[in-house]
file entry21.cif (mmCIF, C-alpha atoms)
data_structure
#
loop_
_atom_site.label_atom_id
_atom_site.label_comp_id
_atom_site.auth_asym_id
_atom_site.auth_seq_id
_atom_site.Cartn_x
_atom_site.Cartn_y
_atom_site.Cartn_z
CA MET A 1 -88.77 9.82 67.44
CA ARG A 2 -87.06 12.28 69.75
CA ILE A 3 -83.30 11.78 69.43
CA PRO A 4 -80.73 13.07 71.94
CA ASN A 5 -78.39 15.73 70.58
CA HIS A 6 -75.53 14.64 72.80
CA ILE A 7 -74.77 11.20 74.21
CA GLY A 8 -72.15 10.52 76.87
CA ILE A 9 -70.68 7.03 77.07
CA ILE A 10 -69.20 5.38 80.14
CA PRO A 11 -67.66 2.22 78.68
CA ASP A 12 -67.29 0.25 81.90
CA GLY A 13 -66.70 -3.44 82.47
CA ASN A 14 -63.58 -4.16 80.41
CA ARG A 15 -61.73 -5.71 83.35
CA ARG A 16 -64.67 -7.82 84.51
CA TRP A 17 -65.17 -8.98 80.92
CA ALA A 18 -61.50 -9.99 80.68
CA GLU A 19 -61.60 -11.94 83.95
CA LYS A 20 -64.69 -13.82 82.81
CA LYS A 21 -62.85 -14.82 79.64
CA GLY A 22 -59.90 -16.05 81.70
CA PHE A 23 -57.66 -13.16 80.56
CA GLU A 24 -55.75 -10.82 82.83
CA LYS A 25 -57.74 -7.77 83.85
CA GLN A 26 -55.78 -5.27 81.78
CA ASP A 27 -56.27 -7.34 78.64
CA GLY A 28 -59.91 -6.26 78.43
CA TYR A 29 -59.34 -2.70 77.31
CA GLU A 30 -58.30 -3.42 73.74
CA TYR A 31 -61.60 -5.24 73.22
CA GLY A 32 -63.32 -1.91 73.76
CA LEU A 33 -61.90 -0.33 70.59
CA ASN A 34 -64.20 -1.87 68.00
CA PRO A 35 -67.32 -1.24 70.12
CA GLY A 36 -66.33 2.43 70.32
CA LEU A 37 -66.05 2.77 66.56
CA TYR A 38 -69.24 0.78 65.97
CA PHE A 39 -71.09 3.02 68.43
CA LEU A 40 -69.96 6.09 66.51
CA LYS A 41 -71.25 4.68 63.23
CA LEU A 42 -74.65 3.91 64.77
CA ALA A 43 -74.76 7.38 66.32
CA LYS A 44 -74.16 8.91 62.88
CA GLU A 45 -77.00 6.83 61.43
CA TYR A 46 -79.33 8.16 64.12
CA GLY A 47 -78.21 11.73 63.47
CA ILE A 48 -76.67 12.22 66.94
CA GLN A 49 -74.71 15.46 66.81
CA GLU A 50 -72.25 15.00 69.67
CA VAL A 51 -70.73 11.98 71.41
CA THR A 52 -68.49 12.10 74.48
CA TYR A 53 -66.43 9.06 75.49
CA TYR A 54 -65.24 8.68 79.08
CA GLY A 55 -61.70 7.51 78.37
CA PHE A 56 -59.67 7.53 81.58
CA THR A 57 -59.57 9.76 84.62
CA THR A 58 -57.07 11.03 87.13
CA ASP A 59 -58.93 8.77 89.60
CA ASN A 60 -58.24 5.72 87.40
CA CYS A 61 -54.52 6.47 87.62
CA LYS A 62 -54.44 5.06 91.15
CA ARG A 63 -54.69 1.56 89.67
CA PRO A 64 -51.79 -0.92 89.18
CA LYS A 65 -49.21 0.18 86.58
CA LYS A 66 -50.02 -2.68 84.17
CA GLN A 67 -53.65 -1.57 84.01
CA ILE A 68 -52.75 2.09 83.57
CA GLU A 69 -50.44 1.34 80.66
CA SER A 70 -53.13 -0.77 79.08
CA PHE A 71 -55.99 1.73 79.34
CA VAL A 72 -53.80 4.62 78.19
CA LYS A 73 -52.78 2.61 75.12
CA ALA A 74 -56.41 1.65 74.45
CA CYS A 75 -57.46 5.31 74.56
CA VAL A 76 -54.68 6.36 72.17
CA ASP A 77 -55.58 3.51 69.80
CA ALA A 78 -59.31 4.32 70.00
CA ILE A 79 -58.69 7.97 69.20
CA ASN A 80 -56.47 7.04 66.28
CA LEU A 81 -59.29 4.87 64.92
CA ILE A 82 -61.86 7.65 65.37
CA ALA A 83 -59.46 10.08 63.68
CA LYS A 84 -59.93 8.12 60.46
CA GLU A 85 -63.65 9.01 60.39
CA ASN A 86 -65.45 12.19 59.36
CA VAL A 87 -65.66 13.86 62.76
CA SER A 88 -64.92 17.04 64.64
CA LEU A 89 -62.58 15.67 67.30
CA LEU A 90 -61.63 17.06 70.70
CA VAL A 91 -59.46 15.27 73.25
CA LEU A 92 -59.90 16.82 76.67
CA GLY A 93 -58.07 16.33 79.96
CA ASN A 94 -55.29 17.55 82.18
CA THR A 95 -52.29 17.93 79.87
CA ASN A 96 -50.07 19.24 82.71
CA SER A 97 -49.34 15.72 83.83
CA ALA A 98 -47.07 12.92 82.67
CA MET A 99 -50.19 10.74 82.37
CA PHE A 100 -51.44 12.66 79.34
CA PRO A 101 -50.15 10.87 76.20
CA LYS A 102 -48.09 13.35 74.13
CA GLU A 103 -49.29 11.91 70.82
CA LEU A 104 -52.79 13.18 71.63
CA LEU A 105 -51.77 16.81 72.24
CA LYS A 106 -52.56 17.61 68.61
CA TYR A 107 -56.25 16.92 69.25
CA THR A 108 -56.62 19.12 72.33
CA LYS A 109 -57.96 21.84 70.06
CA ARG A 110 -61.08 20.75 68.18
CA THR A 111 -59.97 19.32 64.84
CA THR A 112 -62.10 18.80 61.74
CA ILE A 113 -61.25 15.48 60.15
CA GLY A 114 -62.40 14.66 56.64
CA ASN A 115 -65.82 16.22 56.12
CA GLY A 116 -66.23 16.83 59.87
CA GLY A 117 -69.76 16.29 61.10
CA THR A 118 -70.39 14.55 64.41
CA LYS A 119 -68.62 16.22 67.31
CA VAL A 120 -66.61 13.58 69.16
CA ASN A 121 -65.15 14.41 72.56
CA PHE A 122 -62.79 11.95 74.22
CA LEU A 123 -61.87 12.47 77.89
CA VAL A 124 -58.27 11.54 78.61
CA ASN A 125 -56.74 12.08 82.06
CA TYR A 126 -59.92 13.95 82.99
CA GLY A 127 -60.79 14.89 86.57
CA TRP A 128 -63.99 16.60 87.73
CA ASP A 129 -61.91 18.69 90.13
CA TRP A 130 -59.53 19.67 87.34
CA ASP A 131 -62.57 20.59 85.24
CA LEU A 132 -63.82 22.98 87.91
CA GLY A 133 -60.38 24.38 88.66
CA ASN A 134 -60.93 27.56 86.65
CA VAL A 135 -64.33 28.56 87.98
CA GLU A 136 -64.15 32.12 89.30
CA SER A 137 -66.15 33.57 92.16
CA ALA A 138 -67.48 35.97 89.54
CA CYS A 139 -69.23 32.98 87.96
CA THR A 140 -72.60 33.29 89.60
CA ASN A 141 -74.84 32.34 86.72
CA ARG A 142 -75.06 29.25 84.56
CA LYS A 143 -73.54 30.77 81.48
CA SER A 144 -70.48 32.06 83.29
CA ILE A 145 -70.00 28.77 85.17
CA LEU A 146 -70.25 26.76 81.94
CA GLU A 147 -67.85 29.10 80.15
CA SER A 148 -65.27 28.85 82.91
CA LEU A 149 -65.05 25.06 82.84
CA HIS A 150 -62.03 23.40 81.32
CA SER A 151 -64.65 21.39 79.42
CA LYS A 152 -66.47 24.46 78.11
CA ASP A 153 -66.35 23.09 74.54
CA ILE A 154 -68.49 20.14 75.60
CA SER A 155 -72.22 20.88 75.60
CA ARG A 156 -75.00 19.75 77.95
CA ILE A 157 -75.44 15.98 77.76
CA ASP A 158 -78.94 14.65 77.07
CA LEU A 159 -78.34 10.95 77.60
CA ILE A 160 -75.60 9.06 79.39
CA LEU A 161 -75.13 5.39 78.55
CA ARG A 162 -73.14 3.30 80.97
CA TRP A 163 -72.15 -0.28 80.31
CA GLY A 164 -71.19 -2.77 83.03
CA GLY A 165 -74.27 -2.45 85.28
CA ARG A 166 -73.19 0.32 87.65
CA LYS A 167 -75.66 3.12 88.26
CA ARG A 168 -73.41 6.09 88.86
CA LEU A 169 -71.54 8.87 87.09
CA SER A 170 -68.05 8.30 88.58
CA GLY A 171 -67.09 11.94 88.14
CA PHE A 172 -68.19 12.19 84.49
CA LEU A 173 -68.60 15.88 83.55
CA PRO A 174 -70.69 16.84 86.62
CA ILE A 175 -71.91 20.14 85.21
CA GLN A 176 -72.88 18.94 81.73
CA SER A 177 -74.62 15.99 83.44
CA VAL A 178 -76.89 17.90 85.83
CA TYR A 179 -80.01 17.17 83.74
CA SER A 180 -78.91 14.07 81.81
CA ASP A 181 -80.99 10.93 81.67
CA ILE A 182 -78.82 8.03 82.77
CA TYR A 183 -79.30 4.60 81.20
CA THR A 184 -77.38 1.57 82.41
CA ILE A 185 -76.70 -1.52 80.32
CA ASP A 186 -75.87 -4.60 82.38
CA ASP A 187 -73.57 -6.11 79.74
CA MET A 188 -69.90 -5.25 79.78
CA TRP A 189 -68.60 -2.71 77.25
CA PRO A 190 -66.68 -5.22 75.07
CA ASP A 191 -70.05 -6.97 74.56
CA PHE A 192 -71.59 -3.85 73.00
CA LYS A 193 -74.36 -4.69 70.51
CA ALA A 194 -76.51 -2.52 68.24
CA GLU A 195 -79.67 -3.69 70.06
CA GLN A 196 -78.42 -2.01 73.25
CA PHE A 197 -78.18 1.26 71.37
CA HIS A 198 -81.63 0.89 69.81
CA GLU A 199 -83.21 -0.01 73.16
CA ALA A 200 -81.59 3.03 74.77
CA MET A 201 -83.01 5.26 72.02
CA ILE A 202 -86.51 3.86 72.56
CA TRP A 203 -86.16 4.37 76.33
CA TYR A 204 -84.94 7.94 75.87
CA ASN A 205 -87.86 8.67 73.55
CA HIS A 206 -90.20 7.91 76.47
CA GLN A 207 -88.50 10.26 78.93
CA ASP A 208 -89.72 13.81 79.35
CA VAL A 209 -87.23 16.66 79.17
CA THR A 210 -87.80 19.23 81.90
CA LEU A 211 -84.24 20.49 82.53
CA GLY A 212 -85.08 20.46 86.22
CA GLY A 213 -88.26 22.51 85.75
CA MET B 1 -74.25 -5.45 105.72
CA ARG B 2 -72.53 -2.38 104.30
CA ILE B 3 -74.72 0.64 105.07
CA PRO B 4 -74.39 4.02 103.32
CA ASN B 5 -73.31 6.87 105.57
CA HIS B 6 -75.25 9.45 103.63
CA ILE B 7 -78.41 9.00 101.56
CA GLY B 8 -79.81 11.65 99.21
CA ILE B 9 -83.54 11.52 98.44
CA ILE B 10 -85.22 12.85 95.30
CA PRO B 11 -88.90 12.56 96.22
CA ASP B 12 -90.33 12.80 92.71
CA GLY B 13 -93.77 11.93 91.38
CA ASN B 14 -96.11 13.90 93.67
CA ARG B 15 -97.91 15.56 90.75
CA ARG B 16 -98.26 12.37 88.72
CA TRP B 17 -99.58 10.60 91.84
CA ALA B 18 -102.17 13.35 92.37
CA GLU B 19 -103.36 13.21 88.76
CA LYS B 20 -103.78 9.46 88.97
CA LYS B 21 -105.94 9.92 92.07
CA GLY B 22 -108.06 12.49 90.20
CA PHE B 23 -106.70 15.38 92.30
CA GLU B 24 -105.19 18.57 90.94
CA LYS B 25 -101.43 18.32 90.37
CA GLN B 26 -100.44 20.61 93.23
CA ASP B 27 -102.48 18.60 95.72
CA GLY B 28 -99.92 15.79 95.61
CA TYR B 29 -97.19 17.51 97.59
CA GLU B 30 -98.80 17.30 101.03
CA TYR B 31 -98.99 13.51 100.63
CA GLY B 32 -95.20 13.51 100.61
CA LEU B 33 -94.90 14.68 104.23
CA ASN B 34 -95.58 11.42 106.05
CA PRO B 35 -93.31 9.44 103.69
CA GLY B 36 -90.51 11.89 104.49
CA LEU B 37 -90.87 11.39 108.22
CA TYR B 38 -91.25 7.62 107.88
CA PHE B 39 -88.10 7.50 105.76
CA LEU B 40 -86.18 9.33 108.48
CA LYS B 41 -87.31 6.84 111.13
CA LEU B 42 -86.25 3.89 108.98
CA ALA B 43 -82.92 5.59 108.26
CA LYS B 44 -82.32 5.96 112.01
CA GLU B 45 -83.09 2.26 112.53
CA TYR B 46 -80.47 1.39 109.91
CA GLY B 47 -77.93 3.71 111.51
CA ILE B 48 -77.70 6.06 108.51
CA GLN B 49 -75.74 9.11 109.67
CA GLU B 50 -76.86 11.75 107.17
CA VAL B 51 -79.96 12.22 105.01
CA THR B 52 -80.42 14.97 102.41
CA TYR B 53 -83.89 15.73 101.05
CA TYR B 54 -84.24 17.45 97.66
CA GLY B 55 -86.99 19.92 98.58
CA PHE B 56 -87.41 22.44 95.80
CA THR B 57 -85.06 24.16 93.41
CA THR B 58 -84.73 27.48 91.65
CA ASP B 59 -85.53 25.47 88.47
CA ASN B 60 -88.84 24.32 89.99
CA CYS B 61 -89.84 27.94 90.49
CA LYS B 62 -90.61 28.24 86.77
CA ARG B 63 -93.80 26.21 87.36
CA PRO B 64 -97.35 27.64 87.70
CA LYS B 65 -97.94 29.76 90.81
CA LYS B 66 -100.41 27.30 92.37
CA GLN B 67 -97.82 24.53 92.24
CA ILE B 68 -95.08 26.74 93.64
CA GLU B 69 -97.20 27.80 96.61
CA SER B 70 -98.06 24.19 97.23
CA PHE B 71 -94.52 22.76 97.14
CA VAL B 72 -93.14 25.62 99.25
CA LYS B 73 -95.81 24.97 101.89
CA ALA B 74 -95.11 21.23 101.77
CA CYS B 75 -91.40 21.85 102.38
CA VAL B 76 -92.07 24.16 105.32
CA ASP B 77 -94.50 21.63 106.81
CA ALA B 78 -92.07 18.76 106.26
CA ILE B 79 -89.25 20.63 107.96
CA ASN B 80 -91.49 21.50 110.90
CA LEU B 81 -92.32 17.82 111.27
CA ILE B 82 -88.64 16.82 111.11
CA ALA B 83 -87.83 19.55 113.66
CA LYS B 84 -89.79 17.58 116.25
CA GLU B 85 -87.34 14.66 115.96
CA ASN B 86 -83.88 14.16 117.41
CA VAL B 87 -81.82 15.46 114.50
CA SER B 88 -79.09 17.86 113.53
CA LEU B 89 -80.98 19.97 111.01
CA LEU B 90 -79.71 22.17 108.18
CA VAL B 91 -81.90 23.93 105.63
CA LEU B 92 -79.85 24.96 102.62
CA GLY B 93 -80.64 27.13 99.62
CA ASN B 94 -80.51 30.62 98.18
CA THR B 95 -81.86 32.86 100.93
CA ASN B 96 -81.31 36.01 98.81
CA SER B 97 -84.60 35.45 97.04
CA ALA B 98 -88.26 36.02 97.83
CA MET B 99 -88.80 32.31 97.16
CA PHE B 100 -86.97 31.31 100.33
CA PRO B 101 -89.56 30.95 103.14
CA LYS B 102 -88.61 33.32 105.98
CA GLU B 103 -89.82 30.90 108.66
CA LEU B 104 -86.99 28.54 107.67
CA LEU B 105 -84.17 31.08 108.06
CA LYS B 106 -83.64 29.88 111.63
CA TYR B 107 -82.48 26.50 110.32
CA THR B 108 -79.93 27.81 107.81
CA LYS B 109 -77.27 27.22 110.43
CA ARG B 110 -77.09 23.61 111.54
CA THR B 111 -79.30 23.22 114.59
CA THR B 112 -79.24 20.42 117.14
CA ILE B 113 -82.78 19.40 118.02
CA GLY B 114 -83.49 17.23 121.05
CA ASN B 115 -80.64 14.76 121.40
CA GLY B 116 -79.38 15.51 117.89
CA GLY B 117 -78.06 12.47 116.08
CA THR B 118 -78.84 11.97 112.40
CA LYS B 119 -77.76 14.90 110.25
CA VAL B 120 -80.73 15.99 108.16
CA ASN B 121 -80.18 18.41 105.28
CA PHE B 122 -83.17 19.83 103.45
CA LEU B 123 -82.60 21.72 100.18
CA VAL B 124 -84.95 24.67 99.78
CA ASN B 125 -84.69 27.03 96.82
CA TYR B 126 -81.47 25.23 95.88
CA GLY B 127 -79.73 25.69 92.53
CA TRP B 128 -76.61 23.85 91.35
CA ASP B 129 -75.38 27.11 89.82
CA TRP B 130 -75.99 28.95 93.08
CA ASP B 131 -74.11 26.18 94.88
CA LEU B 132 -71.04 26.70 92.68
CA GLY B 133 -71.26 30.49 92.76
CA ASN B 134 -68.52 30.88 95.36
CA VAL B 135 -65.90 28.61 93.84
CA GLU B 136 -62.68 30.55 93.41
CA SER B 137 -60.09 30.04 90.71
CA ALA B 138 -57.74 29.27 93.57
CA CYS B 139 -59.79 26.13 94.16
CA THR B 140 -57.77 23.66 92.18
CA ASN B 141 -58.01 20.64 94.41
CA ARG B 142 -60.93 18.66 95.73
CA LYS B 143 -60.70 19.91 99.27
CA SER B 144 -60.72 23.56 98.26
CA ILE B 145 -63.56 23.05 95.76
CA LEU B 146 -65.66 21.24 98.36
CA GLU B 147 -64.95 23.90 100.97
CA SER B 148 -65.95 26.71 98.63
CA LEU B 149 -69.40 25.30 97.87
CA HIS B 150 -72.43 26.91 99.39
CA SER B 151 -73.29 23.34 100.34
CA LYS B 152 -69.95 22.72 102.06
CA ASP B 153 -71.72 21.42 105.19
CA ILE B 154 -73.20 18.55 103.19
CA SER B 155 -70.86 15.59 102.83
CA ARG B 156 -70.25 13.22 99.90
CA ILE B 157 -73.40 11.22 99.14
CA ASP B 158 -73.08 7.43 99.00
CA LEU B 159 -76.53 6.53 97.72
CA ILE B 160 -79.18 8.58 95.96
CA LEU B 161 -82.74 7.26 95.99
CA ARG B 162 -85.13 8.72 93.45
CA TRP B 163 -88.82 7.95 93.41
CA GLY B 164 -91.06 8.38 90.34
CA GLY B 165 -89.08 6.34 87.81
CA ARG B 166 -86.80 8.99 86.33
CA LYS B 167 -83.12 8.11 86.04
CA ARG B 168 -81.43 11.46 86.48
CA LEU B 169 -80.09 13.84 89.09
CA SER B 170 -81.95 17.03 88.03
CA GLY B 171 -79.26 19.29 89.43
CA PHE B 172 -79.07 17.57 92.84
CA LEU B 173 -75.76 18.52 94.54
CA PRO B 174 -73.53 17.81 91.52
CA ILE B 175 -70.26 17.77 93.46
CA GLN B 176 -71.39 15.61 96.40
CA SER B 177 -72.95 13.25 93.81
CA VAL B 178 -69.91 12.60 91.63
CA TYR B 179 -69.42 9.07 93.01
CA SER B 180 -72.93 8.32 94.31
CA ASP B 181 -74.77 5.14 93.43
CA ILE B 182 -78.15 6.10 92.01
CA TYR B 183 -81.17 3.88 92.66
CA THR B 184 -84.53 4.60 91.06
CA ILE B 185 -87.86 3.43 92.47
CA ASP B 186 -90.64 3.36 89.88
CA ASP B 187 -93.40 4.15 92.41
CA MET B 188 -94.29 7.76 93.09
CA TRP B 189 -93.02 9.34 96.32
CA PRO B 190 -96.40 9.48 98.12
CA ASP B 191 -96.48 5.67 97.70
CA PHE B 192 -93.25 5.25 99.70
CA LYS B 193 -93.11 1.90 101.51
CA ALA B 194 -90.55 0.40 103.88
CA GLU B 195 -89.88 -2.45 101.39
CA GLN B 196 -88.52 0.07 98.90
CA PHE B 197 -86.01 1.22 101.51
CA HIS B 198 -85.00 -2.34 102.42
CA GLU B 199 -84.59 -3.31 98.76
CA ALA B 200 -82.42 -0.26 98.15
CA MET B 201 -80.23 -1.22 101.11
CA ILE B 202 -79.80 -4.74 99.74
CA TRP B 203 -78.96 -3.35 96.29
CA TYR B 204 -76.44 -0.90 97.76
CA ASN B 205 -74.79 -3.71 99.72
CA HIS B 206 -74.00 -5.40 96.39
CA GLN B 207 -72.34 -2.36 94.82
CA ASP B 208 -68.62 -1.86 95.06
CA VAL B 209 -67.26 1.47 96.26
CA THR B 210 -64.37 2.67 94.14
CA LEU B 211 -64.77 6.47 94.34
CA GLY B 212 -63.90 6.56 90.66
CA GLY B 213 -60.71 4.51 91.14
#

call {"tool": "encode", "arguments": {"input": "entry21.cif", "output": "structure tokens"}}
result
Amino acid sequence: MRIPNHIGIIPDGNRRWAEKKGFEKQDGYEYGLNPGLYFLKLAKEYGIQEVTYYGFTTDNCKRPKKQIESFVKACVDAINLIAKENVSLLVLGNTNSAMFPKELLKYTKRTTIGNGGTKVNFLVNYGWDWDLGNVESACTNRKSILESLHSKDISRIDLILRWGGRKRLSGFLPIQSVYSDIYTIDDMWPDFKAEQFHEAMIWYNHQDVTLGG
Amino acid sequence: MRIPNHIGIIPDGNRRWAEKKGFEKQDGYEYGLNPGLYFLKLAKEYGIQEVTYYGFTTDNCKRPKKQIESFVKACVDAINLIAKENVSLLVLGNTNSAMFPKELLKYTKRTTIGNGGTKVNFLVNYGWDWDLGNVESACTNRKSILESLHSKDISRIDLILRWGGRKRLSGFLPIQSVYSDIYTIDDMWPDFKAEQFHEAMIWYNHQDVTLGG
């Protein structure tokens, strides 16, 4: 079976899930923590080498204050859970902003935790425009463009999994995503199940990889 | 009904269609011309303001010579067909390359044809890396990034339609696509039918537009 090296995750649908349960919208985020950890364990079993989580974006910070506080807390808590695993952890986003949680600054350089292993990237206060903000006019080939990104430590993404039914990237790493296969799961992220992962792996195995060729 | 302002088209599957018919791979491209024109007429009926066709890319030029000659000819022929309609036409791609057909140079500045109307952009010898090759380090906000793209005359894309079953962007205008909804049609492009367009419009009408928010 052909396995992706690098999976990107867009864990959407927390608010819709909460509303369906009769909770307030912002109460959905904390139910995304266990799915995130479970996903990582499954990814390790499959031998996936790199996983990137779409935490929150500068775009998301236009939402009501209650929601912002809740998704920022959920990201910090998720990263603290992941930081108990054997991983090589990088938290990436615009740190020149009050929105970036100070307690995560220590992970903004890639950090080997335990025995290391799977690279885990977690986007926090990420913006696609921020990511491109260092590209120089001298960057006229792929290598130089990739190396000038704020996200240069994040490699090309083979497969993007999005929960919550939407079929779009919502600003997720536009350059690393140029050739990614994009797989949407209709269920909301807090309803993550192992079968969804397995089905995505089977689907990916049937895609060809042409890198635009 | 909420109608997209700007639709991007990835007309994939010409080679697979040809093989299924017992033709040689490269013979599929010419069967994509009439679908392209028919699509434009339907788009005008719906009041779509801008349509961008993914012609061929610098990536595609790694294919066998026979195929390259065939898809270049198909693009030239398609553009000549479109240039008989009332459109505002722009052909966009890397003209500093022998791969760019000289007969299309006249359309590399937006050209009003007949009564004008629908903006039609056709990507020819386009590369996402080429597109970003002018971004300056001074471009730290969205407006300045967008204005520094080679494709700055192409606006944000609301809906991307891809024929041929693949669920990926393959380097299609990464910046204009950051918030696009992506709809895949399993049929191959030469099998384009009006129903596919109508179904995509109904699907799009049910999506929310958050622009990442």

call {"tool": "resolve_selection", "arguments": {"input": "entry21.cif", "expression": "the PyMOL selection byres ((chain A) within 9 of (chain B))", "output": "number ranges by chain"}}
result
A: 57-63, 128-142, 145, 166-175, 177-183, 207-208, 210-213

call {"tool": "atom_distance", "arguments": {"input": "entry21.cif", "atom1": "CA of Lys119 in chain B", "atom2": "CA of Leu90 in chain B"}}
result
7.8 Å

call {"tool": "closest_residue", "arguments": {"input": "entry21.cif", "among": "B:Ile3, B:Ile82, B:Leu123, B:Val76", "to": "Tyr38 in chain B", "atoms": "only C-alpha atoms"}}
result
B:Ile82

call {"tool": "resolve_selection", "arguments": {"input": "entry21.cif", "expression": "the PyMOL selection byres ((chain A and resi 151) around 8)", "output": "PyMOL selection string"}}
result
chain A and resi 92+131+149-150+152-154+173

call {"tool": "write_last_selection", "arguments": {"input": "entry21.cif", "atoms": "C-alpha atoms", "output": "compact mmCIF listing (two decimals), in the frame of the given file"}}
result
# COMPACT_ATOMS: atom_id res chain seq x y z
CA LEU A 92 -59.90 16.82 76.67
CA ASP A 131 -62.57 20.59 85.24
CA LEU A 149 -65.05 25.06 82.84
CA HIS A 150 -62.03 23.40 81.32
CA LYS A 152 -66.47 24.46 78.11
CA ASP A 153 -66.35 23.09 74.54
CA ILE A 154 -68.49 20.14 75.60
CA LEU A 173 -68.60 15.88 83.55

call {"tool": "resolve_selection", "arguments": {"input": "entry21.cif", "expression": "the PyMOL selection byres ((chain B and resi 114) around 8)", "output": "compact mmCIF listing (two decimals) with C-alpha atoms, keeping the file's coordinate frame"}}
result
# COMPACT_ATOMS: atom_id res chain seq x y z
CA LYS B 84 -89.79 17.58 116.25
CA GLU B 85 -87.34 14.66 115.96
CA ASN B 86 -83.88 14.16 117.41
CA VAL B 87 -81.82 15.46 114.50
CA THR B 112 -79.24 20.42 117.14
CA ILE B 113 -82.78 19.40 118.02
CA ASN B 115 -80.64 14.76 121.40
CA GLY B 116 -79.38 15.51 117.89

call {"tool": "atom_distance", "arguments": {"input": "entry21.cif", "atom1": "CA of Gly32 in chain A", "atom2": "CA of Gly8 in chain A"}}
result
15.6 Å

call {"tool": "atom_distance", "arguments": {"input": "entry21.cif", "atom1": "CA of Glu45 in chain A", "atom2": "CA of Ala74 in chain A"}}
result
24.9 Å

call {"tool": "residues_around", "arguments": {"input": "entry21.cif", "residues": "range 185-188 of chain A", "least_positions_apart": "3", "cutoff": "6 Å", "atoms": "all atoms listed in the file", "output": "compact mmCIF listing (two decimals) with C-alpha atoms, in the frame of the given file"}}
result
# COMPACT_ATOMS: atom_id res chain seq x y z
CA GLY A 13 -66.70 -3.44 82.47
CA TRP A 163 -72.15 -0.28 80.31
CA GLY A 164 -71.19 -2.77 83.03
CA GLY A 165 -74.27 -2.45 85.28
CA ASP A 191 -70.05 -6.97 74.56

call {"tool": "residues_around", "arguments": {"input": "entry21.cif", "residues": "Arg2 in chain A", "least_positions_apart": "5", "cutoff": "9 Å", "atoms": "all atoms listed in the file", "output": "list of chain:residue names"}}
result
A:Met201, A:Ile202, A:Tyr204, A:Asn205, A:His206

call {"tool": "closest_residue", "arguments": {"input": "entry21.cif", "among": "A:Phe39, A:Tyr54, A:Phe122, A:Phe71", "to": "Phe192 in chain A", "atoms": "all atoms listed in the file"}}
result
A:Phe39

call {"tool": "closest_residue", "arguments": {"input": "entry21.cif", "among": "A:Ser88, A:Asn125, A:Thr118, A:Asn80", "to": "Phe100 in chain A", "atoms": "all atoms listed in the file"}}
result
A:Asn125

call {"tool": "closest_residue", "arguments": {"input": "entry21.cif", "among": "B:Glu50, B:Glu103, B:Asp12, B:Asp27", "to": "Ser155 in chain B", "atoms": "all atoms listed in the file"}}
result
B:Glu50

call {"tool": "axis_aligned_box", "arguments": {"input": "entry21.cif", "around": "range 30-42 of chain B", "padding_each_side": "4 Å", "output": "JSON"}}
result
{"center_x": -92.6, "center_y": 10.6, "center_z": 105.9, "size_x": 20.8, "size_y": 21.4, "size_z": 18.5}

call {"tool": "closest_residue", "arguments": {"input": "entry21.cif", "among": "A:Asn5, A:Thr108, A:Asn121, A:Thr52", "to": "Thr95 in chain A", "atoms": "all atoms listed in the file"}}
result
A:Thr108

call {"tool": "residues_around", "arguments": {"input": "entry21.cif", "residues": "Ala18 in chain B", "least_positions_apart": "3", "cutoff": "10 Å", "atoms": "all atoms listed in the file", "output": "ChimeraX atom specification"}}
result
/B:13-15,21-29,31,188,190

call {"tool": "closest_residue", "arguments": {"input": "entry21.cif", "among": "A:Val209, A:Ile48, A:Leu105, A:Leu37", "to": "Ala78 in chain A", "atoms": "only C-alpha atoms"}}
result
A:Leu37

call {"tool": "decode", "arguments": {"input": "entry21.cif", "residues": "range 154-162 of chain B", "atoms": "N, CA and C atoms", "output": "mmCIF file, in the first residue's frame"}}
result
data_model
loop_
_atom_site.group_PDB
_atom_site.id
_atom_site.type_symbol
_atom_site.label_atom_id
_atom_site.label_comp_id
_atom_site.auth_asym_id
_atom_site.auth_seq_id
_atom_site.Cartn_x
_atom_site.Cartn_y
_atom_site.Cartn_z
ATOM 1 N N ILE B 154 -6.100 38.462 -12.353
ATOM 2 C CA ILE B 154 -7.096 37.410 -12.124
ATOM 3 C C ILE B 154 -7.544 37.517 -10.677
ATOM 4 N N SER B 155 -8.855 37.614 -10.488
ATOM 5 C CA SER B 155 -9.388 37.877 -9.146
ATOM 6 C C SER B 155 -9.526 36.587 -8.334
ATOM 7 N N ARG B 156 -9.858 36.738 -7.068
ATOM 8 C CA ARG B 156 -10.139 35.598 -6.183
ATOM 9 C C ARG B 156 -11.171 34.679 -6.821
ATOM 10 N N ILE B 157 -10.923 33.364 -6.740
ATOM 11 C CA ILE B 157 -11.821 32.389 -7.363
ATOM 12 C C ILE B 157 -12.799 31.858 -6.324
ATOM 13 N N ASP B 158 -14.095 31.898 -6.655
ATOM 14 C CA ASP B 158 -15.109 31.419 -5.712
ATOM 15 C C ASP B 158 -15.275 29.914 -5.784
ATOM 16 N N LEU B 159 -15.270 29.390 -6.994
ATOM 17 C CA LEU B 159 -15.598 27.974 -7.201
ATOM 18 C C LEU B 159 -14.658 27.405 -8.243
ATOM 19 N N ILE B 160 -14.036 26.280 -7.912
ATOM 20 C CA ILE B 160 -13.179 25.580 -8.871
ATOM 21 C C ILE B 160 -13.877 24.284 -9.255
ATOM 22 N N LEU B 161 -14.039 24.081 -10.558
ATOM 23 C CA LEU B 161 -14.634 22.837 -11.057
ATOM 24 C C LEU B 161 -13.536 22.025 -11.711
ATOM 25 N N ARG B 162 -13.391 20.791 -11.270
ATOM 26 C CA ARG B 162 -12.379 19.921 -11.871
ATOM 27 C C ARG B 162 -13.056 18.678 -12.433
#
